[in-house]
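Structure file query-v1.cif (mmCIF, C-alpha atoms) follows.
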data_coords
loop_
_atom_site.label_atom_id
_atom_site.label_comp_id
_atom_site.auth_asym_id
_atom_site.auth_seq_id
_atom_site.Cartn_x
_atom_site.Cartn_y
_atom_site.Cartn_z
CA MET A 19 119.09 138.67 93.78
CA THR A 20 115.95 137.31 92.15
CA SER A 21 112.75 138.80 93.52
CA PRO A 22 110.19 136.37 94.97
CA ASN A 23 107.30 135.22 92.84
CA PRO A 24 104.27 137.41 93.75
CA ASP A 25 102.04 134.33 93.68
CA PRO A 26 104.15 131.46 95.03
CA ILE A 27 102.85 127.91 95.09
CA ARG A 28 101.38 127.32 98.55
CA THR A 29 102.43 123.87 99.72
CA LEU A 30 101.46 121.61 102.62
CA ILE A 31 103.74 118.79 103.80
CA ALA A 32 102.18 115.70 105.42
CA ASP A 33 104.66 113.14 106.77
CA ASP A 34 104.93 111.47 110.14
CA GLN A 35 108.73 111.86 110.24
CA GLU A 36 109.92 115.26 111.40
CA ALA A 37 113.30 114.84 109.70
CA VAL A 38 111.58 114.24 106.35
CA ARG A 39 109.33 117.27 106.76
CA ARG A 40 112.32 119.42 107.65
CA SER A 41 114.29 118.19 104.63
CA VAL A 42 111.40 118.70 102.21
CA ARG A 43 110.71 122.17 103.63
CA ARG A 44 114.35 123.13 103.15
CA ILE A 45 114.28 122.01 99.51
CA LEU A 46 111.03 123.78 98.69
CA GLU A 47 111.77 127.02 100.48
CA ALA A 48 115.03 127.36 98.56
CA GLN A 49 112.81 128.05 95.53
CA ASP A 50 111.54 131.57 94.81
CA ASP A 51 108.19 130.33 93.55
CA ILE A 52 107.25 127.88 96.34
CA ILE A 53 106.36 128.45 99.99
CA VAL A 54 105.45 125.93 102.69
CA VAL A 55 102.31 127.06 104.50
CA GLY A 56 102.00 124.15 106.91
CA GLU A 57 103.16 120.75 108.13
CA ALA A 58 101.23 117.79 109.51
CA ALA A 59 102.41 114.58 111.15
CA ASP A 60 99.27 112.54 110.39
CA GLY A 61 96.47 112.38 107.87
CA VAL A 62 93.73 113.84 110.03
CA ALA A 63 95.82 116.87 110.92
CA ALA A 64 96.74 117.31 107.25
CA LEU A 65 93.08 117.24 106.20
CA GLU A 66 92.23 119.87 108.81
CA LEU A 67 95.16 122.07 107.81
CA ALA A 68 94.25 121.80 104.14
CA ALA A 69 90.73 123.05 104.90
CA GLU A 70 92.14 125.92 106.94
CA LEU A 71 95.12 126.96 104.81
CA ARG A 72 93.85 126.13 101.29
CA PRO A 73 97.25 125.09 99.86
CA ASP A 74 97.75 124.71 96.11
CA VAL A 75 99.67 121.45 96.50
CA ALA A 76 99.94 118.86 99.27
CA LEU A 77 102.94 116.53 99.53
CA VAL A 78 101.56 113.40 101.16
CA ASP A 79 103.33 110.39 102.63
CA ILE A 80 101.64 106.99 102.29
CA ARG A 81 102.12 105.58 105.78
CA MET A 82 100.84 107.97 108.44
CA PRO A 83 98.90 107.50 111.69
CA ARG A 84 95.15 108.16 112.09
CA MET A 85 94.60 108.45 108.31
CA ASP A 86 96.95 107.06 105.68
CA GLY A 87 98.07 108.90 102.58
CA LEU A 88 95.76 107.04 100.22
CA GLU A 89 92.63 108.05 102.11
CA LEU A 90 93.98 111.58 102.53
CA THR A 91 94.62 111.77 98.78
CA ARG A 92 91.06 110.64 98.07
CA ARG A 93 89.63 113.29 100.38
CA LEU A 94 91.84 116.07 99.07
CA ALA A 95 91.89 115.28 95.35
CA GLY A 96 89.12 112.75 94.69
CA PRO A 97 85.79 113.44 92.97
CA GLY A 98 84.06 114.27 96.26
CA ALA A 99 86.64 116.77 97.49
CA VAL A 100 84.92 119.90 98.81
CA THR A 101 87.95 122.14 98.22
CA PRO A 102 90.22 120.17 95.88
CA VAL A 103 93.97 120.24 96.45
CA ARG A 104 96.58 118.93 94.03
CA VAL A 105 98.32 116.00 95.72
CA VAL A 106 101.81 114.66 95.12
CA VAL A 107 102.43 111.38 96.92
CA LEU A 108 105.96 111.32 98.31
CA THR A 109 106.95 107.95 99.70
CA THR A 110 109.67 105.39 100.26
CA PHE A 111 107.43 102.65 98.88
CA ASP A 112 106.74 102.10 95.15
CA LEU A 113 104.55 99.05 95.61
CA ASP A 114 101.67 98.51 93.22
CA GLU A 115 99.26 98.47 96.16
CA TYR A 116 100.17 102.13 96.74
CA VAL A 117 100.83 103.46 93.25
CA TYR A 118 97.62 102.43 91.53
CA PRO A 119 95.22 103.53 94.30
CA ALA A 120 97.05 106.86 94.68
CA LEU A 121 96.62 107.62 90.97
CA ARG A 122 93.00 106.43 90.99
CA HIS A 123 92.28 108.65 93.99
CA GLY A 124 93.39 111.70 92.05
CA ALA A 125 97.09 112.13 92.86
CA SER A 126 98.85 114.52 90.48
CA GLY A 127 102.20 112.90 91.11
CA PHE A 128 103.93 109.94 92.71
CA LEU A 129 107.54 110.40 93.80
CA LEU A 130 109.96 108.24 95.68
CA LYS A 131 111.72 110.04 98.50
CA ARG A 132 115.05 109.22 96.89
CA SER A 133 114.04 111.11 93.72
CA GLY A 134 116.08 114.19 94.65
CA PRO A 135 115.41 117.94 94.97
CA ALA A 136 115.08 118.73 91.25
CA LEU A 137 112.31 116.18 90.63
CA LEU A 138 110.54 117.16 93.85
CA THR A 139 110.33 120.83 92.90
CA GLU A 140 109.37 119.93 89.32
CA ALA A 141 106.54 117.74 90.64
CA VAL A 142 105.20 120.57 92.81
CA ARG A 143 105.24 122.97 89.88
CA ALA A 144 103.65 120.40 87.57
CA ALA A 145 100.85 119.71 90.04
CA ALA A 146 100.19 123.41 90.57
CA GLY A 147 99.95 123.80 86.81
CA GLY A 148 97.42 121.01 86.49
CA GLU A 149 99.88 118.45 85.15
CA SER A 150 101.23 115.16 86.46
CA LEU A 151 104.71 113.91 87.22
CA ILE A 152 105.64 110.42 88.35
CA SER A 153 109.08 109.20 89.36
CA PRO A 154 110.82 107.79 86.29
CA ALA A 155 111.61 104.54 88.14
CA VAL A 156 107.95 104.13 89.04
CA THR A 157 106.77 104.97 85.52
CA VAL A 158 109.02 102.39 83.89
CA ARG A 159 108.12 99.67 86.39
CA LEU A 160 104.40 100.38 86.01
CA LEU A 161 104.67 100.06 82.26
CA GLN A 162 106.48 96.77 82.52
CA HIS A 163 103.48 95.45 84.46
CA VAL A 164 100.81 97.12 82.34
CA THR A 165 102.05 96.24 78.88
CA ALA A 166 105.01 95.45 76.67
CA PRO A 167 105.95 96.53 73.16
CA ARG A 168 103.67 94.81 70.71
CA ARG A 169 102.34 95.04 67.18
CA VAL A 170 100.58 98.26 66.31
CA ASP A 171 96.86 98.02 66.92
CA ARG A 172 95.06 100.66 64.88
CA ARG A 173 92.39 100.84 67.54
CA SER A 174 95.07 102.30 69.84
CA ALA A 175 95.87 105.11 67.41
CA PRO A 176 94.83 108.62 68.50
CA ALA A 177 92.00 110.42 66.74
CA ALA A 178 94.49 113.11 65.70
CA PRO A 179 97.84 111.64 64.65
CA LEU A 180 100.95 112.59 66.58
CA THR A 181 103.60 114.56 64.77
CA GLU A 182 107.06 113.08 64.28
CA ARG A 183 108.37 115.20 67.16
CA GLU A 184 105.48 114.18 69.40
CA VAL A 185 106.16 110.50 68.69
CA GLU A 186 109.79 111.10 69.64
CA ILE A 187 108.84 112.83 72.89
CA ALA A 188 106.22 110.20 73.78
CA GLY A 189 108.92 107.56 73.41
CA GLN A 190 111.15 109.51 75.81
CA VAL A 191 108.28 109.82 78.31
CA ALA A 192 107.85 106.03 78.13
CA ALA A 193 111.47 105.70 79.23
CA GLY A 194 110.59 107.64 82.39
CA ARG A 195 112.50 110.79 81.44
CA THR A 196 111.60 114.21 82.79
CA ASN A 197 110.96 117.29 80.67
CA ALA A 198 114.45 118.55 81.50
CA ASP A 199 115.98 115.21 80.45
CA ILE A 200 114.04 115.22 77.18
CA ALA A 201 114.96 118.84 76.46
CA ALA A 202 118.64 118.07 76.90
CA GLU A 203 118.41 114.93 74.75
CA LEU A 204 116.56 116.63 71.89
CA PHE A 205 118.27 120.06 72.14
CA ILE A 206 115.04 121.95 72.74
CA SER A 207 113.79 123.98 75.69
CA PRO A 208 111.89 122.43 78.63
CA GLY A 209 109.03 124.79 77.78
CA THR A 210 108.82 123.35 74.29
CA VAL A 211 108.78 119.83 75.73
CA LYS A 212 105.97 120.84 78.10
CA THR A 213 103.94 122.19 75.17
CA HIS A 214 104.44 118.97 73.19
CA VAL A 215 103.49 116.82 76.20
CA ALA A 216 100.27 118.81 76.67
CA SER A 217 99.46 118.37 72.96
CA ILE A 218 100.12 114.62 73.16
CA GLN A 219 97.83 114.29 76.18
CA ARG A 220 95.03 116.10 74.33
CA LYS A 221 95.40 113.96 71.22
CA LEU A 222 95.50 110.70 73.17
CA GLY A 223 92.79 111.71 75.62
CA VAL A 224 94.94 110.79 78.63
CA GLN A 225 95.37 112.61 81.95
CA ASN A 226 99.05 112.19 82.67
CA ARG A 227 102.47 110.96 81.58
CA VAL A 228 101.65 107.36 82.43
CA GLY A 229 98.87 107.46 79.82
CA ILE A 230 101.33 108.77 77.23
CA ALA A 231 103.87 106.13 78.16
CA VAL A 232 101.39 103.26 77.95
CA HIS A 233 100.40 104.42 74.46
CA ALA A 234 104.05 104.61 73.38
CA TRP A 235 104.69 101.06 74.58
CA GLU A 236 101.54 99.76 72.90
CA MET A 237 102.45 101.43 69.61
CA GLY A 238 106.01 100.18 69.74
CA TYR A 239 107.98 103.45 69.80
CA ALA A 240 109.05 103.57 73.43
CA VAL A 241 112.73 104.46 73.83
CA PRO A 242 114.69 101.60 75.46
CA THR A 243 115.68 102.29 79.06
CA THR A 244 119.17 101.95 80.46
CA SER A 245 118.07 100.37 83.73
#
Starting from the coordinates I provided, produce the structure as structure tokens.
Amino acid sequence: MTSPNPDPIRTLIADDQEAVRRSVRRILEAQDDIIVVGEAADGVAALELAAELRPDVALVDIRMPRMDGLELTRRLAGPGAVTPVRVVVLTTFDLDEYVYPALRHGASGFLLKRSGPALLTEAVRAAAGGESLISPAVTVRLLQHVTAPRRVDRRSAPAAPLTEREVEIAGQVAAGRTNADIAAELFISPGTVKTHVASIQRKLGVQNRVGIAVHAWEMGYAVPTTS
């Protein structure tokens, strides 16, 4: 039996539906490196629990009573946060009116509740590690609104050029694929993909995978999606 991680990722779940909280808790607590330290059924309670429990990551629903998930995200992860918490928005709704504000307010991830256990746990780990993960379906749809493949504009080129492998991985990110998906496609390890993604972000000066994907679409090397 694998021994528990000595420093597990402390996670708070904020969702007004008890069944959802129970399901998410079950998924997370099946992992050796994640523990759930608290649950809240509304935004105000979640804010209070976050101050008390100091979680590493908060999974936040959008629609909650007393304080919605967008305001909670701003208070937990925004510039004025007293004790910043990494926030992953977990919601049924992928509307632009939710996605864009959540990311602007500092969310480290945006997942649809139908994303599945693997993506949920990956998002928690990514957030705890200072990275971002957004549901592939959301990423692709955002890009379709933001931009479309077009002629290369040299002003969009990074200060340090991407390597051939980095261009390949950026194109996969633009298709909304996870690190595990990319690793399987390119026959490399997920850790290697993670290293490349971090390098791409540094070279492009972007904060998350959406920034990488937008660049890939603008430069014309996004991998076509199957959806």
Spatial sel., origin (103.7, 111.0, 103.8), limit 12 Å, only C-alpha atoms, listed as a PyMOL selection string: chain A and resi 30-39+42+57-61+64+76-83+85-91+105-111+116+128-131
Please dump the current selection as a compact mmCIF listing (two decimals), in the coordinates of the input; keep C-alpha atoms.
# COMPACT_ATOMS: atom_id res chain seq x y z
CA LEU A 30 101.46 121.61 102.62
CA ILE A 31 103.74 118.79 103.80
CA ALA A 32 102.18 115.70 105.42
CA ASP A 33 104.66 113.14 106.77
CA ASP A 34 104.93 111.47 110.14
CA GLN A 35 108.73 111.86 110.24
CA GLU A 36 109.92 115.26 111.40
CA ALA A 37 113.30 114.84 109.70
CA VAL A 38 111.58 114.24 106.35
CA ARG A 39 109.33 117.27 106.76
CA VAL A 42 111.40 118.70 102.21
CA GLU A 57 103.16 120.75 108.13
CA ALA A 58 101.23 117.79 109.51
CA ALA A 59 102.41 114.58 111.15
CA ASP A 60 99.27 112.54 110.39
CA GLY A 61 96.47 112.38 107.87
CA ALA A 64 96.74 117.31 107.25
CA ALA A 76 99.94 118.86 99.27
CA LEU A 77 102.94 116.53 99.53
CA VAL A 78 101.56 113.40 101.16
CA ASP A 79 103.33 110.39 102.63
CA ILE A 80 101.64 106.99 102.29
CA ARG A 81 102.12 105.58 105.78
CA MET A 82 100.84 107.97 108.44
CA PRO A 83 98.90 107.50 111.69
CA MET A 85 94.60 108.45 108.31
CA ASP A 86 96.95 107.06 105.68
CA GLY A 87 98.07 108.90 102.58
CA LEU A 88 95.76 107.04 100.22
CA GLU A 89 92.63 108.05 102.11
CA LEU A 90 93.98 111.58 102.53
CA THR A 91 94.62 111.77 98.78
CA VAL A 105 98.32 116.00 95.72
CA VAL A 106 101.81 114.66 95.12
CA VAL A 107 102.43 111.38 96.92
CA LEU A 108 105.96 111.32 98.31
CA THR A 109 106.95 107.95 99.70
CA THR A 110 109.67 105.39 100.26
CA PHE A 111 107.43 102.65 98.88
CA TYR A 116 100.17 102.13 96.74
CA PHE A 128 103.93 109.94 92.71
CA LEU A 129 107.54 110.40 93.80
CA LEU A 130 109.96 108.24 95.68
CA LYS A 131 111.72 110.04 98.50
12 Å contact set for Val55 (chain A), all atoms listed in the file, chain neighbours under 6 positions out, as a count of residues only: 21
Kindly resolve the PyMOL selection byres ((chain A and resi 204-220) around 10) on the present coordinates and return the residues as a PyMOL selection string. chain A and resi 144+149+176-181+183-188+190-191+196-203+221-227+229-230
Prev. selection, C-alpha atoms, output as a short mmCIF file (atom, residue, chain, number, x, y, z; two decimals), in the frame of the given file:
data_model
loop_
_atom_site.label_atom_id
_atom_site.label_comp_id
_atom_site.auth_asym_id
_atom_site.auth_seq_id
_atom_site.Cartn_x
_atom_site.Cartn_y
_atom_site.Cartn_z
CA ALA A 144 103.65 120.40 87.57
CA GLU A 149 99.88 118.45 85.15
CA PRO A 176 94.83 108.62 68.50
CA ALA A 177 92.00 110.42 66.74
CA ALA A 178 94.49 113.11 65.70
CA PRO A 179 97.84 111.64 64.65
CA LEU A 180 100.95 112.59 66.58
CA THR A 181 103.60 114.56 64.77
CA ARG A 183 108.37 115.20 67.16
CA GLU A 184 105.48 114.18 69.40
CA VAL A 185 106.16 110.50 68.69
CA GLU A 186 109.79 111.10 69.64
CA ILE A 187 108.84 112.83 72.89
CA ALA A 188 106.22 110.20 73.78
CA GLN A 190 111.15 109.51 75.81
CA VAL A 191 108.28 109.82 78.31
CA THR A 196 111.60 114.21 82.79
CA ASN A 197 110.96 117.29 80.67
CA ALA A 198 114.45 118.55 81.50
CA ASP A 199 115.98 115.21 80.45
CA ILE A 200 114.04 115.22 77.18
CA ALA A 201 114.96 118.84 76.46
CA ALA A 202 118.64 118.07 76.90
CA GLU A 203 118.41 114.93 74.75
CA LYS A 221 95.40 113.96 71.22
CA LEU A 222 95.50 110.70 73.17
CA GLY A 223 92.79 111.71 75.62
CA VAL A 224 94.94 110.79 78.63
CA GLN A 225 95.37 112.61 81.95
CA ASN A 226 99.05 112.19 82.67
CA ARG A 227 102.47 110.96 81.58
CA GLY A 229 98.87 107.46 79.82
CA ILE A 230 101.33 108.77 77.23
#
Minimum-distance residue to Ala125 (chain A), chosen among A:Ser41, A:Gln49, A:Thr101, A:Ser150 (using all atoms listed in the file):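 Looking at the shortest contact to Ala125 (chain A), the residue is A:Ser150.
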Computed interatomic separation between CA of Leu137 (chain A) and CA of Ser153 (chain A) (Å):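 Pair CA of Leu137 (chain A) / CA of Ser153 (chain A) returns 7.8 Å.
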Which residue out of A:Ala69, A:Ala240, A:Ala136, A:Val62 has the minimum interatomic distance to Ile45 (chain A) when all atoms listed in the file are used?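 Closest candidate: A:Ala136.
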Identify the residues within 12 Å of coordinate (89.4, 114.9, 92.6) (same frame as the file), considering all atoms listed in the file, and give the answer as a PyMOL selection string. chain A and resi 90-105+120-126+148
Distance in Å - CA of Val54 (chain A) versus CA of Ile152 (chain A):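 Rounded to one decimal, the two atoms are 21.1 Å apart.
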